[in-house]
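Below: protein-v5.cif (mmCIF, C-alpha atoms (C1' of nucleotides))
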data_structure
#
loop_
_atom_site.group_PDB
_atom_site.id
_atom_site.type_symbol
_atom_site.label_atom_id
_atom_site.label_comp_id
_atom_site.auth_asym_id
_atom_site.auth_seq_id
_atom_site.Cartn_x
_atom_site.Cartn_y
_atom_site.Cartn_z
ATOM 1 C CA MET X 1 97.561 66.203 120.534
ATOM 2 C CA PRO X 2 98.966 62.888 119.506
ATOM 3 C CA GLU X 3 98.563 59.591 121.285
ATOM 4 C CA GLY X 4 97.332 56.663 119.204
ATOM 5 C CA PRO X 5 93.613 57.479 119.402
ATOM 6 C CA SER X 6 94.229 61.017 118.149
ATOM 7 C CA ILE X 7 96.005 59.564 115.136
ATOM 8 C CA VAL X 8 93.017 57.313 114.486
ATOM 9 C CA ILE X 9 90.815 60.408 114.422
ATOM 10 C CA LEU X 10 93.210 62.001 111.960
ATOM 11 C CA LYS X 11 93.154 58.876 109.821
ATOM 12 C CA GLU X 12 89.369 58.964 109.732
ATOM 13 C CA GLU X 13 89.373 62.639 108.775
ATOM 14 C CA LEU X 14 91.668 61.849 105.871
ATOM 15 C CA ALA X 15 89.695 58.882 104.579
ATOM 16 C CA LEU X 16 88.205 60.915 101.750
ATOM 17 C CA PHE X 17 91.678 61.577 100.356
ATOM 18 C CA LYS X 18 91.974 58.013 99.194
ATOM 19 C CA GLY X 19 92.195 57.961 95.406
ATOM 20 C CA LYS X 20 93.258 61.600 95.153
ATOM 21 C CA LYS X 21 96.338 62.491 93.169
ATOM 22 C CA VAL X 22 99.102 64.634 94.653
ATOM 23 C CA ILE X 23 99.645 67.643 92.428
ATOM 24 C CA GLU X 24 102.533 68.911 94.493
ATOM 25 C CA ALA X 25 104.330 68.019 97.723
ATOM 26 C CA THR X 26 106.212 70.812 99.469
ATOM 27 C CA GLY X 27 107.481 71.774 102.910
ATOM 28 C CA TYR X 28 110.715 71.885 104.837
ATOM 29 C CA ALA X 29 110.778 68.166 105.640
ATOM 30 C CA LYS X 30 114.109 66.630 104.779
ATOM 31 C CA ALA X 31 112.534 63.760 102.848
ATOM 32 C CA ASP X 32 112.619 63.772 99.050
ATOM 33 C CA LEU X 33 109.118 65.158 98.558
ATOM 34 C CA THR X 34 109.410 65.552 94.809
ATOM 35 C CA ARG X 35 108.881 61.839 94.313
ATOM 36 C CA LEU X 36 105.306 62.133 95.605
ATOM 37 C CA LYS X 37 104.229 64.410 92.785
ATOM 38 C CA GLY X 38 101.670 62.787 90.494
ATOM 39 C CA LYS X 39 101.141 59.792 92.786
ATOM 40 C CA LYS X 40 97.677 58.653 93.829
ATOM 41 C CA ILE X 41 96.858 57.836 97.463
ATOM 42 C CA THR X 42 95.943 54.186 97.760
ATOM 43 C CA ALA X 43 95.116 54.111 101.480
ATOM 44 C CA ILE X 44 95.297 56.047 104.732
ATOM 45 C CA LYS X 45 96.424 53.890 107.641
ATOM 46 C CA SER X 46 97.742 54.289 111.128
ATOM 47 C CA TRP X 47 99.963 52.261 113.379
ATOM 48 C CA GLY X 48 100.314 53.455 116.946
ATOM 49 C CA LYS X 49 101.211 57.119 116.695
ATOM 50 C CA HIS X 50 102.217 56.870 113.034
ATOM 51 C CA LEU X 51 99.965 58.198 110.313
ATOM 52 C CA LEU X 52 100.581 56.402 107.033
ATOM 53 C CA ILE X 53 99.680 57.931 103.684
ATOM 54 C CA CYS X 54 100.100 55.051 101.297
ATOM 55 C CA PHE X 55 100.952 55.116 97.607
ATOM 56 C CA LYS X 56 101.521 52.225 95.254
ATOM 57 C CA THR X 57 105.286 52.343 95.554
ATOM 58 C CA CYS X 58 105.935 54.127 98.832
ATOM 59 C CA THR X 59 104.381 55.346 102.066
ATOM 60 C CA VAL X 60 104.652 58.703 103.803
ATOM 61 C CA ARG X 61 105.027 58.221 107.531
ATOM 62 C CA ILE X 62 104.040 61.180 109.653
ATOM 63 C CA HIS X 63 104.720 61.383 113.370
ATOM 64 C CA LEU X 64 103.287 64.411 115.159
ATOM 65 C CA LEU X 65 105.708 64.038 118.076
ATOM 66 C CA LEU X 66 104.834 66.201 121.058
ATOM 67 C CA PHE X 67 103.394 69.290 119.416
ATOM 68 C CA GLY X 68 102.608 68.429 115.868
ATOM 69 C CA THR X 69 99.433 69.748 114.291
ATOM 70 C CA TYR X 70 97.637 69.565 110.983
ATOM 71 C CA ARG X 71 95.063 71.444 108.927
ATOM 72 C CA ILE X 72 92.766 70.173 106.220
ATOM 73 C CA ASN X 73 92.013 72.796 103.580
ATOM 74 C CA GLU X 74 93.328 75.470 105.902
ATOM 75 C CA ARG X 75 96.699 77.023 106.628
ATOM 76 C CA LYS X 76 98.386 78.148 109.793
ATOM 77 C CA ALA X 77 100.633 81.196 109.826
ATOM 78 C CA SER X 78 103.837 79.130 109.978
ATOM 79 C CA ASN X 79 105.358 77.121 107.159
ATOM 80 C CA PRO X 80 104.321 73.477 107.040
ATOM 81 C CA THR X 81 106.689 70.559 107.441
ATOM 82 C CA LEU X 82 104.688 68.908 104.696
ATOM 83 C CA ARG X 83 102.021 70.217 102.376
ATOM 84 C CA LEU X 84 100.220 67.895 99.986
ATOM 85 C CA SER X 85 98.322 69.789 97.297
ATOM 86 C CA PHE X 86 95.537 68.120 95.374
ATOM 87 C CA ASP X 87 93.256 69.254 92.601
ATOM 88 C CA LYS X 88 90.874 71.005 94.977
ATOM 89 C CA ASP X 89 92.201 70.149 98.417
ATOM 90 C CA GLU X 90 95.224 70.696 100.566
ATOM 91 C CA LEU X 91 96.743 68.925 103.554
ATOM 92 C CA ASN X 92 99.152 70.691 105.885
ATOM 93 C CA PHE X 93 101.261 69.120 108.608
ATOM 94 C CA TYR X 94 103.280 71.200 111.071
ATOM 95 C CA THR X 95 106.117 70.407 113.472
ATOM 96 C CA CYS X 96 106.215 66.733 112.737
ATOM 97 C CA ALA X 97 108.638 64.050 111.603
ATOM 98 C CA VAL X 98 108.140 62.966 108.007
ATOM 99 C CA LYS X 99 109.733 59.927 106.443
ATOM 100 C CA ILE X 100 109.142 58.172 103.159
ATOM 101 C CA ILE X 101 109.154 54.397 103.481
ATOM 102 C CA ASP X 102 109.802 52.179 100.485
ATOM 103 C CA GLU X 103 108.758 48.881 102.045
ATOM 104 C CA PRO X 104 105.067 47.950 102.106
ATOM 105 C CA PRO X 105 103.581 48.794 105.542
ATOM 106 C CA ASP X 106 102.770 45.147 106.248
ATOM 107 C CA GLU X 107 106.485 44.390 106.152
ATOM 108 C CA VAL X 108 107.405 47.202 108.518
ATOM 109 C CA TYR X 109 104.577 47.214 111.030
ATOM 110 C CA ASP X 110 103.273 44.598 113.414
ATOM 111 C CA TRP X 111 99.570 45.375 113.564
ATOM 112 C CA GLU X 112 99.133 42.904 116.423
ATOM 113 C CA VAL X 113 100.683 45.326 118.902
ATOM 114 C CA ASP X 114 98.753 48.395 117.716
ATOM 115 C CA LEU X 115 96.276 49.023 120.531
ATOM 116 C CA LEU X 116 93.666 50.356 118.122
ATOM 117 C CA SER X 117 94.053 47.844 115.319
ATOM 118 C CA ASP X 118 91.463 45.193 114.418
ATOM 119 C CA GLN X 119 94.384 42.808 114.423
ATOM 120 C CA TRP X 120 95.504 43.684 117.951
ATOM 121 C CA ASN X 121 96.405 40.486 119.749
ATOM 122 C CA PRO X 122 96.535 40.330 123.579
ATOM 123 C CA ASP X 123 98.351 36.989 123.547
ATOM 124 C CA LYS X 124 101.120 38.537 121.487
ATOM 125 C CA VAL X 125 101.394 41.428 123.942
ATOM 126 C CA LEU X 126 101.551 38.989 126.847
ATOM 127 C CA LYS X 127 104.400 37.144 125.157
ATOM 128 C CA LEU X 128 106.286 40.392 124.655
ATOM 129 C CA LEU X 129 105.807 41.359 128.294
ATOM 130 C CA LYS X 130 107.191 38.028 129.425
ATOM 131 C CA LYS X 131 110.425 38.886 127.645
ATOM 132 C CA VAL X 132 111.003 41.985 129.776
ATOM 133 C CA PRO X 133 110.453 40.970 133.423
ATOM 134 C CA ASP X 134 112.676 43.713 134.813
ATOM 135 C CA MET X 135 110.967 46.524 132.961
ATOM 136 C CA LEU X 136 108.966 48.983 135.056
ATOM 137 C CA LEU X 137 105.292 49.327 134.193
ATOM 138 C CA CYS X 138 105.706 53.042 133.534
ATOM 139 C CA ASP X 139 108.269 52.161 130.859
ATOM 140 C CA ALA X 140 106.405 49.173 129.461
ATOM 141 C CA LEU X 141 103.270 51.207 128.776
ATOM 142 C CA LEU X 142 105.262 53.765 126.834
ATOM 143 C CA ASN X 143 107.122 51.137 124.833
ATOM 144 C CA GLN X 144 105.815 51.315 121.284
ATOM 145 C CA ASP X 145 107.000 47.811 120.445
ATOM 146 C CA ILE X 146 104.659 46.448 123.119
ATOM 147 C CA PHE X 147 101.843 48.992 123.398
ATOM 148 C CA ALA X 148 101.913 50.881 120.109
ATOM 149 C CA GLY X 149 99.848 54.023 120.414
ATOM 150 C CA ALA X 150 99.980 54.369 124.194
ATOM 151 C CA GLY X 151 101.323 57.671 125.475
ATOM 152 C CA ASN X 152 101.726 59.355 128.813
ATOM 153 C CA ILE X 153 98.021 59.967 129.385
ATOM 154 C CA ILE X 154 97.108 56.384 128.583
ATOM 155 C CA LYS X 155 99.939 55.210 130.818
ATOM 156 C CA ASN X 156 98.745 57.127 133.843
ATOM 157 C CA GLU X 157 95.082 56.289 133.359
ATOM 158 C CA VAL X 158 95.632 52.586 132.742
ATOM 159 C CA LEU X 159 97.847 52.225 135.809
ATOM 160 C CA PHE X 160 95.266 53.956 137.941
ATOM 161 C CA ARG X 161 92.381 51.918 136.565
ATOM 162 C CA THR X 162 94.235 48.666 137.205
ATOM 163 C CA HIS X 163 95.423 49.720 140.684
ATOM 164 C CA LEU X 164 99.020 49.218 139.617
ATOM 165 C CA HIS X 165 101.961 51.283 140.839
ATOM 166 C CA PRO X 166 104.085 52.694 138.006
ATOM 167 C CA LEU X 167 107.292 51.360 139.555
ATOM 168 C CA SER X 168 106.040 47.766 139.621
ATOM 169 C CA LYS X 169 108.131 45.343 137.625
ATOM 170 C CA VAL X 170 106.451 43.531 134.746
ATOM 171 C CA GLY X 171 107.773 40.145 135.813
ATOM 172 C CA LYS X 172 106.451 40.464 139.366
ATOM 173 C CA LEU X 173 102.808 40.824 138.374
ATOM 174 C CA PRO X 174 100.546 37.800 138.803
ATOM 175 C CA LEU X 175 99.394 36.524 135.412
ATOM 176 C CA LYS X 176 95.865 37.705 136.071
ATOM 177 C CA LYS X 177 97.111 41.221 136.724
ATOM 178 C CA LYS X 178 99.217 41.198 133.576
ATOM 179 C CA LYS X 179 96.192 40.234 131.521
ATOM 180 C CA GLU X 180 94.153 42.933 133.197
ATOM 181 C CA LEU X 181 96.798 45.499 132.328
ATOM 182 C CA ILE X 182 96.775 44.425 128.690
ATOM 183 C CA GLN X 183 92.980 44.513 128.424
ATOM 184 C CA GLU X 184 92.742 47.864 130.155
ATOM 185 C CA ALA X 185 95.294 49.382 127.808
ATOM 186 C CA ARG X 186 93.024 48.330 124.956
ATOM 187 C CA GLN X 187 89.826 49.450 126.667
ATOM 188 C CA TYR X 188 91.158 52.839 127.735
ATOM 189 C CA SER X 189 92.472 53.514 124.235
ATOM 190 C CA PHE X 190 88.936 53.211 122.907
ATOM 191 C CA ASP X 191 87.494 55.267 125.754
ATOM 192 C CA PHE X 192 90.125 57.901 124.939
ATOM 193 C CA LEU X 193 89.063 57.781 121.291
ATOM 194 C CA GLU X 194 85.380 58.320 122.049
ATOM 195 C CA TRP X 195 86.001 61.038 124.618
ATOM 196 C CA LYS X 196 88.446 62.823 122.359
ATOM 197 C CA LYS X 197 85.938 62.819 119.529
ATOM 198 C CA ALA X 198 83.367 64.334 121.864
ATOM 199 C CA TYR X 199 85.882 66.906 123.179
ATOM 200 C CA VAL X 200 85.440 65.608 126.725
ATOM 201 C CA LEU X 201 88.699 63.725 127.197
ATOM 202 C CA LYS X 202 90.194 65.883 129.928
ATOM 203 C CA LYS X 203 87.243 65.797 132.245
ATOM 204 C CA HIS X 204 87.417 62.016 132.287
ATOM 205 C CA TRP X 205 91.009 61.919 133.514
ATOM 206 C CA LEU X 206 91.100 60.182 136.869
ATOM 207 C CA ALA X 207 94.845 60.422 137.474
ATOM 208 C CA HIS X 208 96.653 62.372 134.752
ATOM 209 C CA THR X 209 97.361 65.931 136.040
ATOM 210 C CA ARG X 210 95.105 65.326 139.039
ATOM 211 C CA LYS X 211 96.035 66.413 142.546
ATOM 212 C CA THR X 212 94.053 63.970 144.655
ATOM 213 C CA CYS X 213 93.020 60.359 144.310
ATOM 214 C CA PRO X 214 89.323 60.111 143.432
ATOM 215 C CA ARG X 215 89.109 56.786 145.266
ATOM 216 C CA CYS X 216 90.670 57.491 148.636
ATOM 217 C CA HIS X 217 91.023 61.280 148.452
ATOM 218 C CA ILE X 218 94.632 61.465 149.589
ATOM 219 C CA PRO X 219 97.076 63.534 147.502
ATOM 220 C CA PHE X 220 98.425 61.938 144.348
ATOM 221 C CA ILE X 221 102.179 61.594 143.967
ATOM 222 C CA LYS X 222 103.615 63.415 140.968
ATOM 223 C CA ALA X 223 107.019 62.123 139.917
ATOM 224 C CA TYR X 224 109.170 61.764 136.836
ATOM 225 C CA LEU X 225 109.741 58.046 136.558
ATOM 226 C CA GLY X 226 111.364 55.387 134.453
ATOM 227 C CA MET X 227 113.840 55.471 131.609
ATOM 228 C CA THR X 228 112.079 58.331 129.911
ATOM 229 C CA GLN X 229 111.450 60.368 133.088
ATOM 230 C CA ARG X 230 107.914 61.191 132.084
ATOM 231 C CA ARG X 231 105.298 62.561 134.457
ATOM 232 C CA SER X 232 103.543 59.982 136.551
ATOM 233 C CA PHE X 233 100.496 60.671 138.705
ATOM 234 C CA PHE X 234 99.634 57.897 141.105
ATOM 235 C CA CYS X 235 98.232 57.005 144.495
ATOM 236 C CA ASN X 236 100.594 55.341 146.929
ATOM 237 C CA ASN X 237 97.647 53.967 148.823
ATOM 238 C CA CYS X 238 95.564 52.234 146.195
ATOM 239 C CA GLN X 239 98.058 51.432 143.435
ATOM 240 C CA ILE X 240 99.905 48.255 144.347
ATOM 241 C CA LEU X 241 103.662 48.020 144.045
ATOM 242 C CA TYR X 242 104.877 44.633 142.822
ATOM 243 C CA GLU X 243 108.639 44.490 143.215
ATOM 244 C "C1'" DA F 1 107.598 85.876 130.784
ATOM 245 C "C1'" DT F 2 108.822 81.484 131.821
ATOM 246 C "C1'" DA F 3 108.155 76.778 132.242
ATOM 247 C "C1'" DC F 4 106.391 72.872 130.801
ATOM 248 C "C1'" DA F 5 104.192 69.085 127.897
ATOM 249 C "C1'" DT F 6 99.853 63.900 124.772
ATOM 250 C "C1'" DG F 7 107.275 62.133 121.759
ATOM 251 C "C1'" DT F 8 111.028 60.480 119.183
ATOM 252 C "C1'" DT F 9 115.380 60.741 116.835
ATOM 253 C "C1'" DG F 10 119.916 61.366 115.594
ATOM 254 C "C1'" DG F 11 124.299 62.605 116.598
ATOM 255 C "C1'" DA F 12 127.903 63.801 119.941
ATOM 256 C "C1'" DG F 13 130.689 62.045 123.334
ATOM 257 C "C1'" DC F 14 132.568 58.398 125.755
ATOM 258 C "C1'" DG O 1 130.747 49.389 117.652
ATOM 259 C "C1'" DG O 2 127.596 50.207 121.201
ATOM 260 C "C1'" DC O 3 125.749 52.801 124.970
ATOM 261 C "C1'" DT O 4 123.964 57.042 127.078
ATOM 262 C "C1'" DC O 5 122.700 61.590 127.029
ATOM 263 C "C1'" DC O 6 120.482 65.566 125.305
ATOM 264 C "C1'" DA O 7 119.194 68.980 121.901
ATOM 265 C "C1'" DA O 8 116.008 69.698 118.528
ATOM 266 C "C1'" DC O 9 111.457 69.974 116.566
ATOM 267 C "C1'" DA O 10 109.408 77.257 112.499
ATOM 268 C "C1'" DT O 11 104.506 75.022 119.286
ATOM 269 C "C1'" DG O 12 100.725 76.125 122.450
ATOM 270 C "C1'" DT O 13 99.136 76.877 126.954
ATOM 271 C "C1'" DA O 14 99.086 77.889 131.829
#
Can you present the structure in this file as structure tokens?
Amino acid sequence: MPEGPSIVILKEELALFKGKKVIEATGYAKADLTRLKGKKITAIKSWGKHLLICFKTCTVRIHLLLFGTYRINERKASNPTLRLSFDKDELNFYTCAVKIIDEPPDEVYDWEVDLLSDQWNPDKVLKLLKKVPDMLLCDALLNQDIFAGAGNIIKNEVLFRTHLHPLSKVGKLPLKKKKELIQEARQYSFDFLEWKKAYVLKKHWLAHTRKTCPRCHIPFIKAYLGMTQRRSFFCNNCQILYE
DNA sequence: ATACATGTTGGAGC
DNA sequence: GGCTCCAACATGTA
């Protein structure tokens, strides 16, 4: 479900909830949900993989983690982590992390690193990358402070598209390659968004979960790499290792 | 039935 | 106090 583009889709689906007043907030989330009662939604935003339901005095931050789901005006069989009830509508979130933030989102979030934000800034990302020369690319692409919204699929696809080996070190890339990586992370995020909306995301995967390289037709390597030991699919032949 | 996955965190243990 | 590790998350699918 939830890499950044999926959260953008969710945000768009919730747009019509702006201005609606919460009649009741329930669920097993540990946050103090009672304080949401009677509050009116002022905006629905997203930052990376965070969905933000904004009120005048606080913001509900929802992270769907690995297997979070949601329903709009429907219920699943299990109890929701968070249910927001409105006059006529209902929002249900399951298996997710919910936190209420008191600070205004602009104070907490750097929109310039959100891959899907209008304010995304490649120069800022380049500066951040220059600070972590020893970081492996497979870790850098999953780092939400640098590439907010990128997840494991985006990681694998971007590295394949840019012909970069996941174990390459950030600081060893030529500048041109670094810029290419940054641009491709942005571009693939939008491709992901469009394909996901059209329910054709999977068939466009070139590397993620694939067994052979579509370029040179030799078997892909599947390995659990980097600090997070997440699945990497890559071609030893056409993805260059900078070390 | 079992393993595994589009992710993050909080707390235990050192 | 800080670092690392790992369980937990009312799951869904192969």
Closest atom pairs, residues of chain X within 9 Å of chain F, all atoms listed in the file, as CSV:
residue,atom,partner,partner_atom,distance
X:Met1,CA,F:DT6,C1',5.3
X:Pro2,CA,F:DT6,C1',5.4
X:Glu3,CA,F:DT6,C1',5.7
X:His63,CA,F:DT8,C1',8.6
X:Leu64,CA,F:DG7,C1',8.0
X:Leu65,CA,F:DG7,C1',4.4
X:Leu66,CA,F:DG7,C1',4.8
X:Phe67,CA,F:DT6,C1',8.4
X:Ala97,CA,F:DT8,C1',8.7
X:Gly151,CA,F:DT6,C1',6.4
X:Asn152,CA,F:DT6,C1',6.4
X:Ile153,CA,F:DT6,C1',6.3
X:Ile154,CA,F:DT6,C1',8.9
What do you get, as a PyMOL selection string, if you spell out every residue that the PyMOL selection byres ((chain X) within 12 of (chain O)) selects here?
chain X and resi 1+27-29+63-69+76-81+94-98+227-228
File dump, residues just selected, C-alpha atoms, as a PDB file, keeping the file's coordinate frame:
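Result file follows (result-v9.pdb):
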ATOM      1  CA  MET X   1      97.561  66.203 120.534  1.00  0.00           C
ATOM      2  CA  GLY X  27     107.481  71.774 102.910  1.00  0.00           C
ATOM      3  CA  TYR X  28     110.715  71.885 104.837  1.00  0.00           C
ATOM      4  CA  ALA X  29     110.778  68.166 105.640  1.00  0.00           C
ATOM      5  CA  HIS X  63     104.720  61.383 113.370  1.00  0.00           C
ATOM      6  CA  LEU X  64     103.287  64.411 115.159  1.00  0.00           C
ATOM      7  CA  LEU X  65     105.708  64.038 118.076  1.00  0.00           C
ATOM      8  CA  LEU X  66     104.834  66.201 121.058  1.00  0.00           C
ATOM      9  CA  PHE X  67     103.394  69.290 119.416  1.00  0.00           C
ATOM     10  CA  GLY X  68     102.608  68.429 115.868  1.00  0.00           C
ATOM     11  CA  THR X  69      99.433  69.748 114.291  1.00  0.00           C
ATOM     12  CA  LYS X  76      98.386  78.148 109.793  1.00  0.00           C
ATOM     13  CA  ALA X  77     100.633  81.196 109.826  1.00  0.00           C
ATOM     14  CA  SER X  78     103.837  79.130 109.978  1.00  0.00           C
ATOM     15  CA  ASN X  79     105.358  77.121 107.159  1.00  0.00           C
ATOM     16  CA  PRO X  80     104.321  73.477 107.040  1.00  0.00           C
ATOM     17  CA  THR X  81     106.689  70.559 107.441  1.00  0.00           C
ATOM     18  CA  TYR X  94     103.280  71.200 111.071  1.00  0.00           C
ATOM     19  CA  THR X  95     106.117  70.407 113.472  1.00  0.00           C
ATOM     20  CA  CYS X  96     106.215  66.733 112.737  1.00  0.00           C
ATOM     21  CA  ALA X  97     108.638  64.050 111.603  1.00  0.00           C
ATOM     22  CA  VAL X  98     108.140  62.966 108.007  1.00  0.00           C
ATOM     23  CA  MET X 227     113.840  55.471 131.609  1.00  0.00           C
ATOM     24  CA  THR X 228     112.079  58.331 129.911  1.00  0.00           C
TER      25      THR X 228
END
Which polymer residues have any atom within 9 Å of an atom of stretch 45-56 of chain X, counting all atoms listed in the file, with same-chain residues fewer than 6 positions away left out, as a VMD selection string?
chain X and resid 2 to 8 10 to 12 15 18 36 39 62 to 65 104 to 105 109 to 111 113 to 117 144 147 to 151
Could you save those same residues with C-alpha atoms as a compact mmCIF listing (two decimals), in the coordinates of the input?
# COMPACT_ATOMS: atom_id res chain seq x y z
CA PRO X 2 98.97 62.89 119.51
CA GLU X 3 98.56 59.59 121.28
CA GLY X 4 97.33 56.66 119.20
CA PRO X 5 93.61 57.48 119.40
CA SER X 6 94.23 61.02 118.15
CA ILE X 7 96.00 59.56 115.14
CA VAL X 8 93.02 57.31 114.49
CA LEU X 10 93.21 62.00 111.96
CA LYS X 11 93.15 58.88 109.82
CA GLU X 12 89.37 58.96 109.73
CA ALA X 15 89.70 58.88 104.58
CA LYS X 18 91.97 58.01 99.19
CA LEU X 36 105.31 62.13 95.60
CA LYS X 39 101.14 59.79 92.79
CA ILE X 62 104.04 61.18 109.65
CA HIS X 63 104.72 61.38 113.37
CA LEU X 64 103.29 64.41 115.16
CA LEU X 65 105.71 64.04 118.08
CA PRO X 104 105.07 47.95 102.11
CA PRO X 105 103.58 48.79 105.54
CA TYR X 109 104.58 47.21 111.03
CA ASP X 110 103.27 44.60 113.41
CA TRP X 111 99.57 45.38 113.56
CA VAL X 113 100.68 45.33 118.90
CA ASP X 114 98.75 48.40 117.72
CA LEU X 115 96.28 49.02 120.53
CA LEU X 116 93.67 50.36 118.12
CA SER X 117 94.05 47.84 115.32
CA GLN X 144 105.82 51.32 121.28
CA PHE X 147 101.84 48.99 123.40
CA ALA X 148 101.91 50.88 120.11
CA GLY X 149 99.85 54.02 120.41
CA ALA X 150 99.98 54.37 124.19
CA GLY X 151 101.32 57.67 125.48
Around the point (106.8, 58.9, 101.4) in the file's coordinates, collect all residues with an atom within 8 Å, using only C-alpha atoms (C1' of nucleotides), and return them as a tab-separated table (two decimals) with C-alpha atoms, in the frame of the given file.
chain	number	residue	atom	x	y	z
X	31	ALA	CA	112.53	63.76	102.85
X	32	ASP	CA	112.62	63.77	99.05
X	33	LEU	CA	109.12	65.16	98.56
X	35	ARG	CA	108.88	61.84	94.31
X	36	LEU	CA	105.31	62.13	95.60
X	53	ILE	CA	99.68	57.93	103.68
X	54	CYS	CA	100.10	55.05	101.30
X	55	PHE	CA	100.95	55.12	97.61
X	58	CYS	CA	105.94	54.13	98.83
X	59	THR	CA	104.38	55.35	102.07
X	60	VAL	CA	104.65	58.70	103.80
X	61	ARG	CA	105.03	58.22	107.53
X	98	VAL	CA	108.14	62.97	108.01
X	99	LYS	CA	109.73	59.93	106.44
X	100	ILE	CA	109.14	58.17	103.16
X	101	ILE	CA	109.15	54.40	103.48
X	102	ASP	CA	109.80	52.18	100.48
Hey, can you check how far atom CA of X:Glu184 sits from atom CA of X:Leu142?
14.2 Å
Between atom CA of X:Leu91 and atom CA of X:Thr57 lies a distance of 20.3 Å
